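Visitor: Input structure: start-v1.cif, which contains mmCIF, C-alpha atoms.
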```cif
data_run
loop_
_atom_site.label_atom_id
_atom_site.label_comp_id
_atom_site.auth_asym_id
_atom_site.auth_seq_id
_atom_site.Cartn_x
_atom_site.Cartn_y
_atom_site.Cartn_z
CA MET A 1 151.73 -144.13 111.85
CA PHE A 2 154.17 -141.98 109.87
CA ASP A 3 151.35 -140.37 107.90
CA ASP A 4 149.91 -139.12 111.21
CA VAL A 5 153.13 -137.42 112.35
CA ALA A 6 154.04 -135.94 108.96
CA PRO A 7 152.81 -132.33 109.49
CA ARG A 8 155.12 -131.68 112.48
CA TYR A 9 157.68 -134.42 111.93
CA ASP A 10 160.71 -132.19 111.31
CA LEU A 11 159.89 -129.86 114.21
CA VAL A 12 159.52 -132.72 116.67
CA ASN A 13 162.79 -134.30 115.50
CA ASP A 14 164.64 -131.04 116.15
CA VAL A 15 163.19 -130.80 119.65
CA LEU A 16 163.83 -134.43 120.59
CA SER A 17 167.42 -134.41 119.29
CA LEU A 18 168.16 -131.16 121.14
CA GLY A 19 168.96 -129.52 117.82
CA GLN A 20 171.50 -132.14 116.71
CA THR A 21 169.54 -133.50 113.73
CA ARG A 22 170.69 -130.85 111.27
CA SER A 23 174.34 -131.34 112.22
CA TRP A 24 174.00 -135.11 111.78
CA ARG A 25 172.45 -134.64 108.35
CA ARG A 26 175.30 -132.36 107.24
CA THR A 27 177.74 -135.10 108.17
CA VAL A 28 175.78 -137.55 106.03
CA VAL A 29 175.82 -135.22 103.01
CA ASN A 30 179.59 -134.82 103.35
CA ALA A 31 180.03 -138.59 103.62
CA VAL A 32 177.99 -139.19 100.46
CA GLY A 33 180.22 -136.70 98.65
CA VAL A 34 178.39 -136.55 95.31
CA ARG A 35 178.85 -133.82 92.70
CA ARG A 36 176.52 -131.70 90.61
CA GLY A 37 174.81 -133.78 87.96
CA GLN A 38 175.13 -137.09 89.79
CA ARG A 39 172.14 -139.14 90.97
CA VAL A 40 171.40 -139.90 94.63
CA LEU A 41 168.67 -142.07 96.10
CA ASP A 42 167.58 -140.79 99.51
CA LEU A 43 165.61 -143.59 101.17
CA ALA A 44 163.17 -143.05 104.05
CA ALA A 45 163.34 -139.41 102.98
CA GLY A 46 160.05 -138.54 104.66
CA THR A 47 159.24 -134.90 103.97
CA GLY A 48 162.48 -134.43 102.05
CA THR A 49 164.48 -132.54 104.66
CA SER A 50 167.43 -134.89 104.13
CA SER A 51 167.11 -134.52 100.33
CA GLU A 52 167.19 -130.73 100.20
CA PRO A 53 170.99 -130.25 100.50
CA TYR A 54 171.53 -132.41 97.41
CA ALA A 55 168.92 -130.55 95.37
CA ASN A 56 170.36 -127.22 96.48
CA ALA A 57 173.80 -128.35 95.24
CA GLY A 58 172.55 -129.33 91.78
CA VAL A 59 172.52 -133.06 92.50
CA HIS A 60 169.64 -135.07 91.05
CA VAL A 61 168.10 -136.52 94.19
CA VAL A 62 165.18 -138.93 94.38
CA ALA A 63 163.38 -138.82 97.72
CA CYS A 64 161.82 -142.23 98.33
CA ASP A 65 159.53 -143.19 101.21
CA PHE A 66 156.65 -145.60 101.85
CA SER A 67 154.56 -142.95 103.65
CA LEU A 68 152.34 -141.08 101.21
CA GLY A 69 151.53 -138.54 103.92
CA MET A 70 155.21 -137.68 104.32
CA LEU A 71 155.69 -137.43 100.56
CA ARG A 72 152.72 -135.09 100.15
CA VAL A 73 154.06 -132.72 102.80
CA GLY A 74 157.50 -132.76 101.18
CA LYS A 75 156.19 -132.20 97.65
CA ARG A 76 154.20 -129.16 98.76
CA ARG A 77 157.32 -127.64 100.25
CA ARG A 78 159.82 -128.67 97.55
CA PRO A 79 158.05 -129.30 94.23
CA ASP A 80 161.43 -129.34 92.47
CA ILE A 81 162.46 -132.62 94.16
CA ASP A 82 161.37 -135.99 92.78
CA PHE A 83 159.32 -137.73 95.49
CA VAL A 84 158.68 -141.43 94.82
CA ALA A 85 156.64 -143.88 96.89
CA GLY A 86 158.54 -147.10 97.40
CA ASP A 87 159.34 -150.05 99.63
CA ALA A 88 162.99 -150.17 100.73
CA THR A 89 162.96 -153.98 100.41
CA ALA A 90 161.70 -153.90 96.79
CA LEU A 91 162.86 -150.63 95.28
CA PRO A 92 161.11 -149.47 92.08
CA PHE A 93 164.39 -148.66 90.32
CA ALA A 94 166.61 -150.46 87.83
CA ASP A 95 169.99 -151.96 88.67
CA ASN A 96 172.93 -149.53 88.84
CA SER A 97 170.66 -146.46 88.70
CA PHE A 98 172.37 -144.21 91.25
CA ASP A 99 175.83 -142.89 92.00
CA ALA A 100 175.03 -143.13 95.72
CA THR A 101 172.27 -144.33 98.01
CA THR A 102 171.64 -143.11 101.52
CA ILE A 103 169.17 -143.58 104.34
CA SER A 104 169.01 -141.48 107.50
CA PHE A 105 167.24 -142.69 110.63
CA GLY A 106 164.93 -144.98 108.70
CA LEU A 107 166.62 -148.35 108.33
CA ARG A 108 165.50 -149.56 111.76
CA ASN A 109 161.87 -148.93 110.69
CA VAL A 110 162.16 -151.35 107.76
CA ASN A 111 160.73 -154.80 108.43
CA GLU A 112 163.68 -156.52 106.75
CA PRO A 113 166.63 -154.15 107.07
CA ARG A 114 169.15 -156.62 105.63
CA LYS A 115 167.03 -156.94 102.52
CA ALA A 116 166.95 -153.15 102.23
CA ILE A 117 170.76 -153.04 102.42
CA ALA A 118 170.90 -155.58 99.58
CA GLU A 119 168.43 -153.54 97.53
CA MET A 120 170.55 -150.44 98.00
CA LEU A 121 173.48 -152.44 96.64
CA ARG A 122 171.46 -153.48 93.59
CA VAL A 123 170.45 -149.96 92.56
CA THR A 124 173.88 -148.40 93.18
CA ARG A 125 176.37 -148.36 90.30
CA PRO A 126 179.65 -150.28 90.71
CA GLY A 127 182.09 -148.06 92.58
CA GLY A 128 179.23 -146.04 94.06
CA LYS A 129 178.68 -145.36 97.74
CA MET A 130 176.13 -146.16 100.38
CA VAL A 131 175.80 -144.06 103.54
CA ILE A 132 173.58 -145.03 106.47
CA ALA A 133 172.94 -142.75 109.43
CA GLU A 134 171.16 -144.48 112.29
CA PHE A 135 170.77 -144.25 116.03
CA SER A 136 173.26 -146.51 117.74
CA GLN A 137 174.76 -147.23 121.15
CA PRO A 138 176.81 -144.63 123.05
CA VAL A 139 180.35 -145.87 123.59
CA PHE A 140 180.70 -144.56 127.18
CA GLY A 141 178.89 -146.86 129.59
CA PRO A 142 177.50 -144.33 132.12
CA PHE A 143 176.34 -142.03 129.30
CA ARG A 144 174.68 -145.02 127.61
CA THR A 145 172.61 -145.58 130.76
CA VAL A 146 171.52 -141.93 130.92
CA TYR A 147 170.69 -141.97 127.21
CA THR A 148 168.53 -145.08 127.56
CA GLU A 149 166.60 -143.48 130.40
CA TYR A 150 166.01 -140.39 128.24
CA LEU A 151 164.72 -142.52 125.39
CA MET A 152 162.22 -144.47 127.42
CA ARG A 153 161.00 -141.69 129.71
CA ALA A 154 161.75 -138.18 128.48
CA LEU A 155 161.30 -138.77 124.75
CA PRO A 156 157.64 -139.90 124.94
CA ALA A 157 156.88 -137.09 127.41
CA VAL A 158 158.31 -134.44 125.08
CA ALA A 159 156.52 -135.99 122.12
CA ARG A 160 153.18 -135.72 123.92
CA LYS A 161 153.63 -131.93 124.03
CA THR A 162 154.88 -131.48 120.45
CA SER A 163 153.59 -134.30 118.24
CA SER A 164 150.17 -135.05 116.80
CA ASN A 165 150.76 -138.77 117.46
CA PRO A 166 152.93 -139.23 120.59
CA ASP A 167 152.39 -143.00 120.62
CA ALA A 168 154.50 -143.17 117.45
CA TYR A 169 157.46 -141.84 119.42
CA VAL A 170 157.06 -144.51 122.08
CA TYR A 171 157.56 -147.02 119.26
CA LEU A 172 160.55 -145.05 117.98
CA ALA A 173 162.20 -145.08 121.41
CA GLU A 174 161.75 -148.83 121.67
CA SER A 175 163.09 -149.39 118.14
CA ILE A 176 166.22 -147.37 118.92
CA ARG A 177 166.91 -149.34 122.08
CA ALA A 178 166.52 -152.66 120.22
CA TRP A 179 168.68 -151.68 117.22
CA PRO A 180 172.05 -153.43 116.62
CA ASN A 181 175.24 -151.69 117.69
CA GLN A 182 177.81 -150.21 115.33
CA GLU A 183 179.82 -153.39 114.74
CA ASP A 184 176.75 -155.55 114.14
CA LEU A 185 175.35 -153.15 111.54
CA ALA A 186 178.76 -153.03 109.84
CA ALA A 187 178.67 -156.84 109.67
CA TRP A 188 175.23 -156.76 108.03
CA ILE A 189 176.54 -154.35 105.40
CA GLY A 190 179.55 -156.50 104.60
CA GLU A 191 177.44 -159.65 104.40
CA ALA A 192 175.20 -157.96 101.80
CA GLY A 193 178.19 -157.57 99.49
CA TRP A 194 179.39 -154.04 100.18
CA THR A 195 183.12 -153.41 100.56
CA ASN A 196 185.29 -150.86 102.43
CA VAL A 197 182.77 -150.77 105.27
CA GLU A 198 183.55 -148.17 107.93
CA TYR A 199 181.65 -146.11 110.44
CA ARG A 200 181.98 -142.89 112.40
CA ASN A 201 180.36 -142.21 115.78
CA LEU A 202 178.57 -138.90 116.27
CA THR A 203 177.62 -137.36 119.62
CA GLY A 204 179.35 -140.09 121.60
CA GLY A 205 177.77 -142.90 119.61
CA ILE A 206 174.14 -141.79 119.86
CA VAL A 207 174.32 -141.84 116.07
CA ALA A 208 176.67 -143.80 113.82
CA VAL A 209 177.28 -143.03 110.14
CA HIS A 210 178.22 -146.15 108.17
CA ARG A 211 179.77 -145.86 104.71
CA ALA A 212 180.56 -148.54 102.13
CA THR A 213 181.36 -149.00 98.44
CA LYS A 214 179.76 -151.22 95.84
CA PRO A 215 182.48 -153.41 94.32
CA HIS A 216 183.06 -153.54 90.61
CA ALA A 217 181.81 -156.77 89.09
CA PRO A 218 184.53 -159.41 88.95
CA GLU A 219 185.82 -160.22 85.48
CA THR A 220 184.31 -163.41 84.10
CA PRO A 221 186.15 -165.70 81.65
CA ALA A 222 183.92 -164.44 78.84
CA THR A 223 184.57 -160.74 79.53
CA ALA A 224 188.29 -161.42 79.95
CA LYS A 225 188.36 -163.08 76.51
CA LEU A 226 186.60 -160.10 74.95
CA ARG A 227 189.03 -157.70 76.63
CA ARG A 228 192.03 -159.63 75.29
CA ARG A 229 190.56 -159.58 71.78
CA SER A 230 189.94 -155.84 71.90
CA THR A 231 193.46 -155.25 73.22
CA ARG A 232 194.99 -157.27 70.37
CA ALA A 233 192.83 -155.43 67.83
CA ALA A 234 193.96 -152.08 69.20
CA THR A 235 197.62 -153.02 68.83
#
```
Would you mind writing the file out in structure tokens?
Guide:
Amino acid sequence: MFDDVAPRYDLVNDVLSLGQTRSWRRTVVNAVGVRRGQRVLDLAAGTGTSSEPYANAGVHVVACDFSLGMLRVGKRRRPDIDFVAGDATALPFADNSFDATTISFGLRNVNEPRKAIAEMLRVTRPGGKMVIAEFSQPVFGPFRTVYTEYLMRALPAVARKTSSNPDAYVYLAESIRAWPNQEDLAAWIGEAGWTNVEYRNLTGGIVAVHRATKPHAPETPATAKLRRRSTRAAT
């Protein structure tokens, strides 16, 4: 499905979000907050639009996606970015490989999103960050009703005029409507082992950006004994 929409994917997203996508992505980049020389894993990166700000800032970004069609389009446009095919629930990276991991508008398309959150924890270094941007539920009731009507009626209609595979956007509308709200997603993140979980609503809650930190490994009796020995030796 995603291979079919790859050629015009970014254009259609801009149209359907009424131009808000780029602003949302800037918020994500700021939340990740990495510096030049650090390593970032950008999951569900698609054609690499979400990865470009990191590469432009001198950050080593790996754009990972399961859609080979998306990756091919992205690699043609940005050959300087590392594009890697991978499954979010079984990432092809070693433990503690990245200073930060992020996924924008792709977690709800993963068959086992909780497993993906746990995998992101595994590949992030202790003290590193995870940032998730995902469609959520507007916080104002009347606006939530209007938004739901737009999703299920207007979004597929617009997609039919702009996308090469409009049926894919019917699925996307349904997946957004069925996705957990802000608090439920925050609970999933905490249950996976992340700490300092917080979120920020964007555009009235249409999108929520969740951020969390990977805890440092607790000190075991063996490592505590070694630390005490090294401290005594130093004195």
Visitor: Just the residues within 7 Å of Gly128 of chain A, please, counting only C-alpha atoms, with nothing from its chain fewer than 4 positions along; format it as a PyMOL selection string.
Guide: chain A and resi 99-100+124+213-214
Visitor: I'd like to know which of A:Trp24, A:Gly127, A:Val61, A:Ala118 is closest to Ile206 of chain A, using all atoms listed in the file.
Guide: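 For Ile206 of chain A, the nearest of the candidates is A:Trp24.
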Visitor: Taking into account all atoms listed in the file, which residue in the set A:Asp80, A:Gly74, A:Leu68, A:Ala116 is nearest to Thr49 of chain A?
Guide: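 Once distances to Thr49 of chain A are computed over all atoms listed in the file, the minimum belongs to A:Gly74.
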Visitor: With distances taken over only C-alpha atoms, which residue among A:Arg26, A:Phe135, A:Gly48, A:Asp87 lies nearest Glu112 of chain A?
Guide: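 Among A:Arg26, A:Phe135, A:Gly48, A:Asp87, it is A:Asp87 that comes nearest to Glu112 of chain A.
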Visitor: Evaluating the PyMOL selection byres ((chain A and resi 34-45) around 6) on the displayed file yields which residues, as a PyMOL selection string?
Guide: chain A and resi 32-33+46+48+58-65+98-103+106
Visitor: Counting only C-alpha atoms, which residues sit no farther than 8 Å from the position (170.8, -146.2, 120.5) in the file's frame? I'd like them as number ranges by chain.
Guide: A: 135-138, 147-148, 176-179, 181, 205-207
Visitor: What does the distance from atom CA of Asp184 of chain A to atom CA of Val123 of chain A come to in Å, to one decimal?
Guide: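 One can read the atom CA of Asp184 of chain A to atom CA of Val123 of chain A distance as 23.2 Å.
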Visitor: Find the distance between atom CA of Trp188 of chain A and atom CA of Pro126 of chain A and write it in Å to one decimal.
Guide: 19.0 Å
